[in-house]
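For reference, coords27.pdb (PDB, C-alpha atoms and all ligand atoms):
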ATOM      1  CA  MET F   1       4.248  63.927   0.768  1.00  0.00           C
ATOM      2  CA  ARG F   2       0.545  63.785   1.396  1.00  0.00           C
ATOM      3  CA  SER F   3      -0.160  62.627  -2.166  1.00  0.00           C
ATOM      4  CA  ILE F   4       2.042  59.534  -1.698  1.00  0.00           C
ATOM      5  CA  PHE F   5       0.792  58.672   1.750  1.00  0.00           C
ATOM      6  CA  ILE F   6      -2.927  58.588   0.944  1.00  0.00           C
ATOM      7  CA  PRO F   7      -2.846  56.105  -1.955  1.00  0.00           C
ATOM      8  CA  ALA F   8      -0.701  53.813   0.201  1.00  0.00           C
ATOM      9  CA  LEU F   9      -3.302  53.968   2.940  1.00  0.00           C
ATOM     10  CA  ILE F  10      -6.098  53.115   0.503  1.00  0.00           C
ATOM     11  CA  ALA F  11      -4.140  50.209  -0.951  1.00  0.00           C
ATOM     12  CA  GLY F  12      -3.562  48.895   2.554  1.00  0.00           C
ATOM     13  CA  ALA F  13      -7.244  49.100   3.368  1.00  0.00           C
ATOM     14  CA  LEU F  14      -8.126  47.202   0.180  1.00  0.00           C
ATOM     15  CA  LEU F  15      -5.639  44.450   1.031  1.00  0.00           C
ATOM     16  CA  LEU F  16      -7.072  44.099   4.517  1.00  0.00           C
ATOM     17  CA  GLY F  17     -10.559  43.970   3.054  1.00  0.00           C
ATOM     18  CA  ALA F  18      -9.602  41.223   0.650  1.00  0.00           C
ATOM     19  CA  CYS F  19      -8.008  39.131   3.395  1.00  0.00           C
ATOM     20  CA  GLY F  20     -11.031  39.547   5.582  1.00  0.00           C
ATOM     21  CA  GLN F  21     -13.369  38.346   2.864  1.00  0.00           C
ATOM     22  CA  ALA F  22     -11.260  35.307   2.074  1.00  0.00           C
ATOM     23  CA  GLY F  23     -11.180  34.418   5.753  1.00  0.00           C
ATOM     24  CA  THR F  24     -14.938  34.573   6.252  1.00  0.00           C
ATOM     25  CA  ALA F  25     -15.616  32.703   3.014  1.00  0.00           C
ATOM     26  CA  GLN F  26     -13.555  29.713   4.184  1.00  0.00           C
ATOM     27  CA  ALA F  27     -14.699  29.521   7.772  1.00  0.00           C
ATOM     28  CA  PRO F  28     -18.176  27.914   7.645  1.00  0.00           C
ATOM     29  CA  THR F  29     -17.426  24.964   5.318  1.00  0.00           C
ATOM     30  CA  ALA F  30     -15.312  22.880   7.710  1.00  0.00           C
ATOM     31  CA  ALA F  31     -18.088  22.504  10.262  1.00  0.00           C
ATOM     32  CA  ASN F  32     -20.323  19.936   8.541  1.00  0.00           C
ATOM     33  CA  ALA F  33     -18.545  16.577   8.831  1.00  0.00           C
ATOM     34  CA  PRO F  34     -20.600  13.767   7.231  1.00  0.00           C
ATOM     35  CA  ALA F  35     -22.147  11.142   9.498  1.00  0.00           C
ATOM     36  CA  THR F  36     -19.944   8.063   9.798  1.00  0.00           C
ATOM     37  CA  ASN F  37     -22.469   5.688   8.225  1.00  0.00           C
ATOM     38  CA  ALA F  38     -23.248   7.814   5.191  1.00  0.00           C
ATOM     39  CA  PRO F  39     -21.690   6.504   1.981  1.00  0.00           C
ATOM     40  CA  ALA F  40     -18.929   9.066   1.787  1.00  0.00           C
ATOM     41  CA  ALA F  41     -18.863  10.838  -1.567  1.00  0.00           C
ATOM     42  CA  GLY F  42     -21.046   8.344  -3.388  1.00  0.00           C
ATOM     43  CA  ALA F  43     -18.727   8.217  -6.383  1.00  0.00           C
ATOM     44  CA  ILE F  44     -17.047   4.915  -5.449  1.00  0.00           C
ATOM     45  CA  GLN F  45     -18.860   1.607  -5.928  1.00  0.00           C
ATOM     46  CA  ILE F  46     -17.570  -1.869  -5.070  1.00  0.00           C
ATOM     47  CA  SER F  47     -18.718  -4.894  -7.044  1.00  0.00           C
ATOM     48  CA  ASP F  48     -18.159  -8.659  -6.920  1.00  0.00           C
ATOM     49  CA  PRO F  49     -15.981  -8.834  -3.796  1.00  0.00           C
ATOM     50  CA  TRP F  50     -14.494 -12.314  -3.154  1.00  0.00           C
ATOM     51  CA  ALA F  51     -11.475 -14.004  -1.627  1.00  0.00           C
ATOM     52  CA  ARG F  52      -9.582 -17.244  -2.039  1.00  0.00           C
ATOM     53  CA  PRO F  53      -9.585 -19.892   0.661  1.00  0.00           C
ATOM     54  CA  ALA F  54      -6.566 -19.601   2.968  1.00  0.00           C
ATOM     55  CA  ILE F  55      -5.272 -21.222   6.116  1.00  0.00           C
ATOM     56  CA  ALA F  56      -4.243 -19.102   9.065  1.00  0.00           C
ATOM     57  CA  MET F  57      -0.874 -20.121  10.520  1.00  0.00           C
ATOM     58  CA  MET F  58      -1.981 -20.597  14.114  1.00  0.00           C
ATOM     59  CA  GLY F  59      -5.570 -21.824  14.239  1.00  0.00           C
ATOM     60  CA  ASP F  60      -5.013 -25.588  14.629  1.00  0.00           C
ATOM     61  CA  GLU F  61      -5.740 -26.150  18.301  1.00  0.00           C
ATOM     62  CA  GLN F  62      -8.828 -23.908  18.136  1.00  0.00           C
ATOM     63  CA  PRO F  63     -11.197 -25.238  15.469  1.00  0.00           C
ATOM     64  CA  ALA F  64     -14.144 -23.081  14.466  1.00  0.00           C
ATOM     65  CA  GLY F  65     -17.102 -23.735  16.746  1.00  0.00           C
ATOM     66  CA  ALA F  66     -15.032 -24.709  19.778  1.00  0.00           C
ATOM     67  CA  SER F  67     -16.696 -23.852  23.041  1.00  0.00           C
ATOM     68  CA  MET F  68     -15.848 -20.300  24.034  1.00  0.00           C
ATOM     69  CA  GLY F  69     -16.553 -21.084  27.665  1.00  0.00           C
ATOM     70  CA  GLU F  70     -13.576 -23.385  28.102  1.00  0.00           C
ATOM     71  CA  ALA F  71     -11.187 -21.419  25.974  1.00  0.00           C
ATOM     72  CA  LYS F  72      -8.746 -19.233  27.822  1.00  0.00           C
ATOM     73  CA  PRO F  73      -5.525 -17.647  26.671  1.00  0.00           C
ATOM     74  CA  THR F  74      -2.534 -19.798  27.527  1.00  0.00           C
ATOM     75  CA  ASP F  75       1.188 -19.298  27.379  1.00  0.00           C
ATOM     76  CA  ALA F  76       1.320 -22.000  24.718  1.00  0.00           C
ATOM     77  CA  MET F  77      -0.992 -20.046  22.440  1.00  0.00           C
ATOM     78  CA  ALA F  78       0.963 -16.865  22.935  1.00  0.00           C
ATOM     79  CA  ALA F  79       4.202 -18.655  22.174  1.00  0.00           C
ATOM     80  CA  ALA F  80       2.778 -20.272  19.052  1.00  0.00           C
ATOM     81  CA  GLN F  81       1.860 -16.926  17.584  1.00  0.00           C
ATOM     82  CA  PRO F  82       4.499 -15.688  15.168  1.00  0.00           C
ATOM     83  CA  THR F  83       5.386 -12.092  15.921  1.00  0.00           C
ATOM     84  CA  GLY F  84       5.524  -9.947  12.845  1.00  0.00           C
ATOM     85  CA  ALA F  85       7.211 -12.700  10.852  1.00  0.00           C
ATOM     86  CA  ALA F  86       5.117 -12.205   7.744  1.00  0.00           C
ATOM     87  CA  VAL F  87       5.781  -8.536   7.171  1.00  0.00           C
ATOM     88  CA  GLY F  88       8.149  -7.867   4.307  1.00  0.00           C
ATOM     89  CA  GLY F  89       9.010 -11.416   3.281  1.00  0.00           C
ATOM     90  CA  GLU F  90       6.236 -13.330   1.580  1.00  0.00           C
ATOM     91  CA  SER F  91       8.097 -16.566   1.073  1.00  0.00           C
ATOM     92  CA  ALA F  92       6.381 -19.761  -0.056  1.00  0.00           C
ATOM     93  CA  ALA F  93       6.501 -21.055   3.513  1.00  0.00           C
ATOM     94  CA  MET F  94       4.352 -18.177   4.693  1.00  0.00           C
ATOM     95  CA  SER F  95       1.832 -18.289   1.866  1.00  0.00           C
ATOM     96  CA  GLY F  96      -0.807 -20.035   3.966  1.00  0.00           C
ATOM     97  CA  ALA F  97      -0.923 -17.127   6.389  1.00  0.00           C
ATOM     98  CA  ASN F  98      -1.888 -14.577   3.770  1.00  0.00           C
ATOM     99  CA  GLY F  99      -5.033 -13.799   1.835  1.00  0.00           C
ATOM    100  CA  ALA F 100      -6.528 -11.153  -0.395  1.00  0.00           C
ATOM    101  CA  PRO F 101     -10.013  -9.864  -1.110  1.00  0.00           C
ATOM    102  CA  TYR F 102     -10.540  -9.187  -4.813  1.00  0.00           C
ATOM    103  CA  LEU F 103     -13.124  -6.764  -6.168  1.00  0.00           C
ATOM    104  CA  THR F 104     -13.876  -4.172  -8.804  1.00  0.00           C
ATOM    105  CA  ILE F 105     -13.777  -0.493  -7.837  1.00  0.00           C
ATOM    106  CA  THR F 106     -15.885   1.773 -10.028  1.00  0.00           C
ATOM    107  CA  ASN F 107     -15.621   5.545  -9.857  1.00  0.00           C
ATOM    108  CA  THR F 108     -18.801   7.202 -11.165  1.00  0.00           C
ATOM    109  CA  GLY F 109     -17.529  10.673 -10.326  1.00  0.00           C
ATOM    110  CA  ASP F 110     -15.945  13.333 -12.495  1.00  0.00           C
ATOM    111  CA  ALA F 111     -12.700  13.353 -10.519  1.00  0.00           C
ATOM    112  CA  ALA F 112     -10.075  10.639 -10.205  1.00  0.00           C
ATOM    113  CA  ASP F 113      -9.740   9.053  -6.770  1.00  0.00           C
ATOM    114  CA  ARG F 114      -7.126   6.865  -5.088  1.00  0.00           C
ATOM    115  CA  LEU F 115      -7.356   3.894  -2.797  1.00  0.00           C
ATOM    116  CA  ILE F 116      -4.790   4.815  -0.176  1.00  0.00           C
ATOM    117  CA  LYS F 117      -5.300   2.294   2.622  1.00  0.00           C
ATOM    118  CA  ALA F 118      -7.221  -0.776   3.742  1.00  0.00           C
ATOM    119  CA  THR F 119      -7.961  -1.718   7.337  1.00  0.00           C
ATOM    120  CA  GLY F 120      -9.626  -4.588   9.181  1.00  0.00           C
ATOM    121  CA  ASP F 121      -9.149  -7.114  11.972  1.00  0.00           C
ATOM    122  CA  ILE F 122      -8.935 -10.139   9.645  1.00  0.00           C
ATOM    123  CA  ALA F 123      -5.130  -9.880   9.452  1.00  0.00           C
ATOM    124  CA  LYS F 124      -2.233  -8.536  11.456  1.00  0.00           C
ATOM    125  CA  SER F 125      -1.216  -6.230   8.643  1.00  0.00           C
ATOM    126  CA  ILE F 126      -2.963  -5.081   5.451  1.00  0.00           C
ATOM    127  CA  GLU F 127      -1.081  -3.605   2.494  1.00  0.00           C
ATOM    128  CA  LEU F 128      -1.870  -2.492  -1.031  1.00  0.00           C
ATOM    129  CA  HIS F 129       0.054  -4.553  -3.560  1.00  0.00           C
ATOM    130  CA  THR F 130       0.592  -4.892  -7.257  1.00  0.00           C
ATOM    131  CA  VAL F 131       2.231  -7.688  -9.225  1.00  0.00           C
ATOM    132  CA  ILE F 132       5.096  -7.000 -11.584  1.00  0.00           C
ATOM    133  CA  LYS F 133       6.919  -9.316 -13.949  1.00  0.00           C
ATOM    134  CA  ASN F 134      10.593  -9.515 -13.113  1.00  0.00           C
ATOM    135  CA  GLY F 135      12.097 -11.644 -15.876  1.00  0.00           C
ATOM    136  CA  ASP F 136      10.101 -14.874 -15.690  1.00  0.00           C
ATOM    137  CA  VAL F 137       9.064 -14.317 -12.088  1.00  0.00           C
ATOM    138  CA  MET F 138       5.896 -12.607 -10.947  1.00  0.00           C
ATOM    139  CA  GLU F 139       6.621 -10.550  -7.840  1.00  0.00           C
ATOM    140  CA  MET F 140       4.331  -8.693  -5.470  1.00  0.00           C
ATOM    141  CA  ARG F 141       5.272  -5.144  -4.580  1.00  0.00           C
ATOM    142  CA  PRO F 142       3.653  -2.791  -2.074  1.00  0.00           C
ATOM    143  CA  VAL F 143       2.206   0.341  -3.666  1.00  0.00           C
ATOM    144  CA  GLU F 144       1.392   3.631  -1.996  1.00  0.00           C
ATOM    145  CA  ALA F 145      -1.998   3.933  -3.667  1.00  0.00           C
ATOM    146  CA  ILE F 146      -4.196   2.448  -6.383  1.00  0.00           C
ATOM    147  CA  GLU F 147      -5.537   5.024  -8.842  1.00  0.00           C
ATOM    148  CA  VAL F 148      -9.202   4.911  -9.839  1.00  0.00           C
ATOM    149  CA  PRO F 149      -9.754   7.133 -12.886  1.00  0.00           C
ATOM    150  CA  ALA F 150     -12.780   9.408 -13.217  1.00  0.00           C
ATOM    151  CA  LYS F 151     -15.691   7.542 -14.860  1.00  0.00           C
ATOM    152  CA  GLY F 152     -13.512   4.447 -14.779  1.00  0.00           C
ATOM    153  CA  SER F 153     -12.843   1.291 -12.832  1.00  0.00           C
ATOM    154  CA  VAL F 154     -10.005  -0.848 -11.509  1.00  0.00           C
ATOM    155  CA  LYS F 155     -10.238  -4.587 -11.048  1.00  0.00           C
ATOM    156  CA  LEU F 156      -8.354  -5.964  -8.051  1.00  0.00           C
ATOM    157  CA  MET F 157      -7.576  -9.544  -9.041  1.00  0.00           C
ATOM    158  CA  PRO F 158      -4.943 -12.280  -8.868  1.00  0.00           C
ATOM    159  CA  GLY F 159      -1.871 -11.202 -10.840  1.00  0.00           C
ATOM    160  CA  SER F 160      -2.685  -7.509 -10.560  1.00  0.00           C
ATOM    161  CA  PHE F 161      -3.518  -4.934  -7.918  1.00  0.00           C
ATOM    162  CA  HIS F 162      -4.809  -6.446  -4.680  1.00  0.00           C
ATOM    163  CA  VAL F 163      -5.376  -5.799  -1.010  1.00  0.00           C
ATOM    164  CA  MET F 164      -2.858  -8.028   0.806  1.00  0.00           C
ATOM    165  CA  LEU F 165      -3.916  -9.568   4.097  1.00  0.00           C
ATOM    166  CA  ILE F 166      -0.672 -10.456   5.861  1.00  0.00           C
ATOM    167  CA  GLY F 167      -0.902 -12.861   8.784  1.00  0.00           C
ATOM    168  CA  LEU F 168      -4.528 -13.978   8.792  1.00  0.00           C
ATOM    169  CA  ASN F 169      -6.172 -14.110  12.196  1.00  0.00           C
ATOM    170  CA  ARG F 170      -8.451 -16.978  11.144  1.00  0.00           C
ATOM    171  CA  ASP F 171      -8.899 -19.471   8.324  1.00  0.00           C
ATOM    172  CA  LEU F 172     -10.797 -18.476   5.213  1.00  0.00           C
ATOM    173  CA  LYS F 173     -12.871 -21.460   4.103  1.00  0.00           C
ATOM    174  CA  VAL F 174     -15.232 -21.538   1.143  1.00  0.00           C
ATOM    175  CA  GLY F 175     -18.453 -19.837   2.254  1.00  0.00           C
ATOM    176  CA  ASP F 176     -16.743 -17.766   4.972  1.00  0.00           C
ATOM    177  CA  SER F 177     -16.675 -14.025   4.611  1.00  0.00           C
ATOM    178  CA  LEU F 178     -14.397 -11.203   5.668  1.00  0.00           C
ATOM    179  CA  ASP F 179     -14.757  -7.486   6.151  1.00  0.00           C
ATOM    180  CA  VAL F 180     -12.253  -4.801   5.317  1.00  0.00           C
ATOM    181  CA  THR F 181     -12.593  -1.048   5.020  1.00  0.00           C
ATOM    182  CA  LEU F 182     -11.099   0.659   2.009  1.00  0.00           C
ATOM    183  CA  GLN F 183      -9.940   4.224   2.519  1.00  0.00           C
ATOM    184  CA  PHE F 184     -10.157   6.497  -0.522  1.00  0.00           C
ATOM    185  CA  GLU F 185      -8.506   9.881  -0.784  1.00  0.00           C
ATOM    186  CA  LYS F 186     -11.735  11.638  -1.819  1.00  0.00           C
ATOM    187  CA  ALA F 187     -14.595   9.200  -1.147  1.00  0.00           C
ATOM    188  CA  GLY F 188     -13.366   8.311   2.342  1.00  0.00           C
ATOM    189  CA  ALA F 189     -14.093   4.957   4.005  1.00  0.00           C
ATOM    190  CA  VAL F 190     -15.907   2.299   1.956  1.00  0.00           C
ATOM    191  CA  PRO F 191     -16.755  -1.030   3.637  1.00  0.00           C
ATOM    192  CA  VAL F 192     -16.238  -4.300   1.737  1.00  0.00           C
ATOM    193  CA  HIS F 193     -17.806  -7.656   2.616  1.00  0.00           C
ATOM    194  CA  ALA F 194     -16.123 -10.437   0.624  1.00  0.00           C
ATOM    195  CA  THR F 195     -17.207 -14.080   0.436  1.00  0.00           C
ATOM    196  CA  VAL F 196     -14.616 -16.843   0.137  1.00  0.00           C
ATOM    197  CA  ARG F 197     -14.808 -19.017  -2.978  1.00  0.00           C
ATOM    198  CA  GLN F 198     -12.548 -21.088  -5.200  1.00  0.00           C
ATOM    199  CA  PRO F 199     -10.923 -19.092  -8.012  1.00  0.00           C
ATOM    200  CA  GLU F 200     -12.569 -19.718 -11.368  1.00  0.00           C
TER     201      GLU F 200
HETATM  202 CU    CU K   1       0.384  -9.293  -2.274  1.00  0.00          CU
END

Write the structure described by the file as C-alpha cells, please.
Ligand SMILES: [Cu+2]
Amino acid sequence: MRSIFIPALIAGALLLGACGQAGTAQAPTAANAPATNAPAAGAIQISDPWARPAIAMMGDEQPAGASMGEAKPTDAMAAAQPTGAAVGGESAAMSGANGAPYLTITNTGDAADRLIKATGDIAKSIELHTVIKNGDVMEMRPVEAIEVPAKGSVKLMPGSFHVMLIGLNRDLKVGDSLDVTLQFEKAGAVPVHATVRQPE
C-alpha cells in the first residue's frame, strides 16, 4: 500500500511543479504593450498610396472653403443625408458616393500577415473587397481579410483587392488626400495617407 501511494505523491508534485513553471513563464510578457505611435511590428510597408477622384453624395450646398462661421447644422442637411443606403448594394446610381485608396502592401517579415480591417472618418463604412469575374461581369465582393505572404507583397488596385470607402463624407478631387488606418493581424495598425489622382 505504501509503495503505491508514494510514487503517486511524487508524480503529483512533479505535475504541480510543471504547471507552476508554465504559469510564471507566461506572466511577464503581456505587460509591455507597444506605444501607440510606434510602427507596430515593422514588417509591413505601404507604398504608392493613391485614390481616384470621387464625388460625395451630399456635399453640394457646402462647397469646400465655405465659411465655417455661418455654417450650422440644419434640418434640411440632416434630411438630405442618406441613411445607410450605400451598404450592401453598390448600384451604378450610388457609384459617386464611394471611393477606394489603392496601394501596395509589402511584408518584409518571415511570417505571413493579414489585413483584417480598415478604419477612418472619410466614409460612413469601410470594407475590404475583391473583384471576381462572374460570367462577363466583374463584381465586387466583401472579403474577411487580405493575405500578405511572408517576404511578399499584395497590390490593392482597380479590378483586384481594394479598401472600399462606402458613403464618402466629402468629395475627393485631384490633389486632395485621405487618411485611413489599416489593421493587420500581426503588425497591428498601419496609417495610410493617399493622394487623389486620375488613374493612369
Ligand atoms: Cu469595392

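Near Gln45 of chain F, within 9 Å and counting all atoms listed in the file, sit Thr104, Ile105, Thr106, Asn107, Thr108 and Val190 of chain F, not including residues fewer than 5 positions from it in the same chain.
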
Please write out the residues within 12 Å of ligand CU 1 (chain K) as a VMD selection string, counting all atoms listed in the file. chain F and resid 86 to 91 94 to 95 97 to 102 125 to 132 138 to 143 156 to 167

With all atoms listed in the file as the counted atoms, please give the residues lying no more than 9 Å from Ile122 of chain F, apart from itself and same-chain residues fewer than 6 positions off, as number ranges by chain. F: 165, 167-170, 178-180

Identify the residues around (-12.7, -3.3, 7.9) within a radius of 7 Å, measuring from only C-alpha atoms in the coordinates stated by the file, and give them as a list in words.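 All residues meeting the 7 Å criterion around (-12.7, -3.3, 7.9) are Thr119, Gly120, Asp121, Asp179, Val180, Thr181 and Pro191 of chain F.
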
Selection from above, C-alpha atoms, as an mmCIF file, keeping the file's coordinate frame, can you write it?
data_model
loop_
_atom_site.group_PDB
_atom_site.id
_atom_site.type_symbol
_atom_site.label_atom_id
_atom_site.label_comp_id
_atom_site.auth_asym_id
_atom_site.auth_seq_id
_atom_site.Cartn_x
_atom_site.Cartn_y
_atom_site.Cartn_z
ATOM 1 C CA THR F 119 -7.961 -1.718 7.337
ATOM 2 C CA GLY F 120 -9.626 -4.588 9.181
ATOM 3 C CA ASP F 121 -9.149 -7.114 11.972
ATOM 4 C CA ASP F 179 -14.757 -7.486 6.151
ATOM 5 C CA VAL F 180 -12.253 -4.801 5.317
ATOM 6 C CA THR F 181 -12.593 -1.048 5.020
ATOM 7 C CA PRO F 191 -16.755 -1.030 3.637
#

Give me, as a ChimeraX atom specification, all polymer residues having an atom no more than 7 Å from segment 184-189 of chain F, counting only C-alpha atoms and skipping those fewer than 2 positions away in the same chain. /F:40-44,113-116,181-182,191

Calculate how many Å separate atom CA of Glu200 of chain F from atom CA of Ile55 of chain F, rounding to one decimal.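 So the answer is 19.0 Å.
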
Could you tell me which residues the PyMOL selection byres (((chain F and resi 199) around 9) and not hetatm) returns for this structure, as a PyMOL selection string? chain F and resi 51-53+197-198+200

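Minimum distance to Ser47 of chain F across F:Ala194, F:Ala123, F:Glu147, F:Ala111 (counting all atoms listed in the file) occurs at F:Ala194.
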
Pairwise distance for atom CA of Ala112 of chain F and atom CA of Ala145 of chain F, rounded to one decimal in Å: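 That distance, rounded to one decimal, is 12.4 Å.
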
Grab the atom CA of Leu103 of chain F to atom CA of Ala54 of chain F distance for me, in Å with one decimal place. 17.1 Å
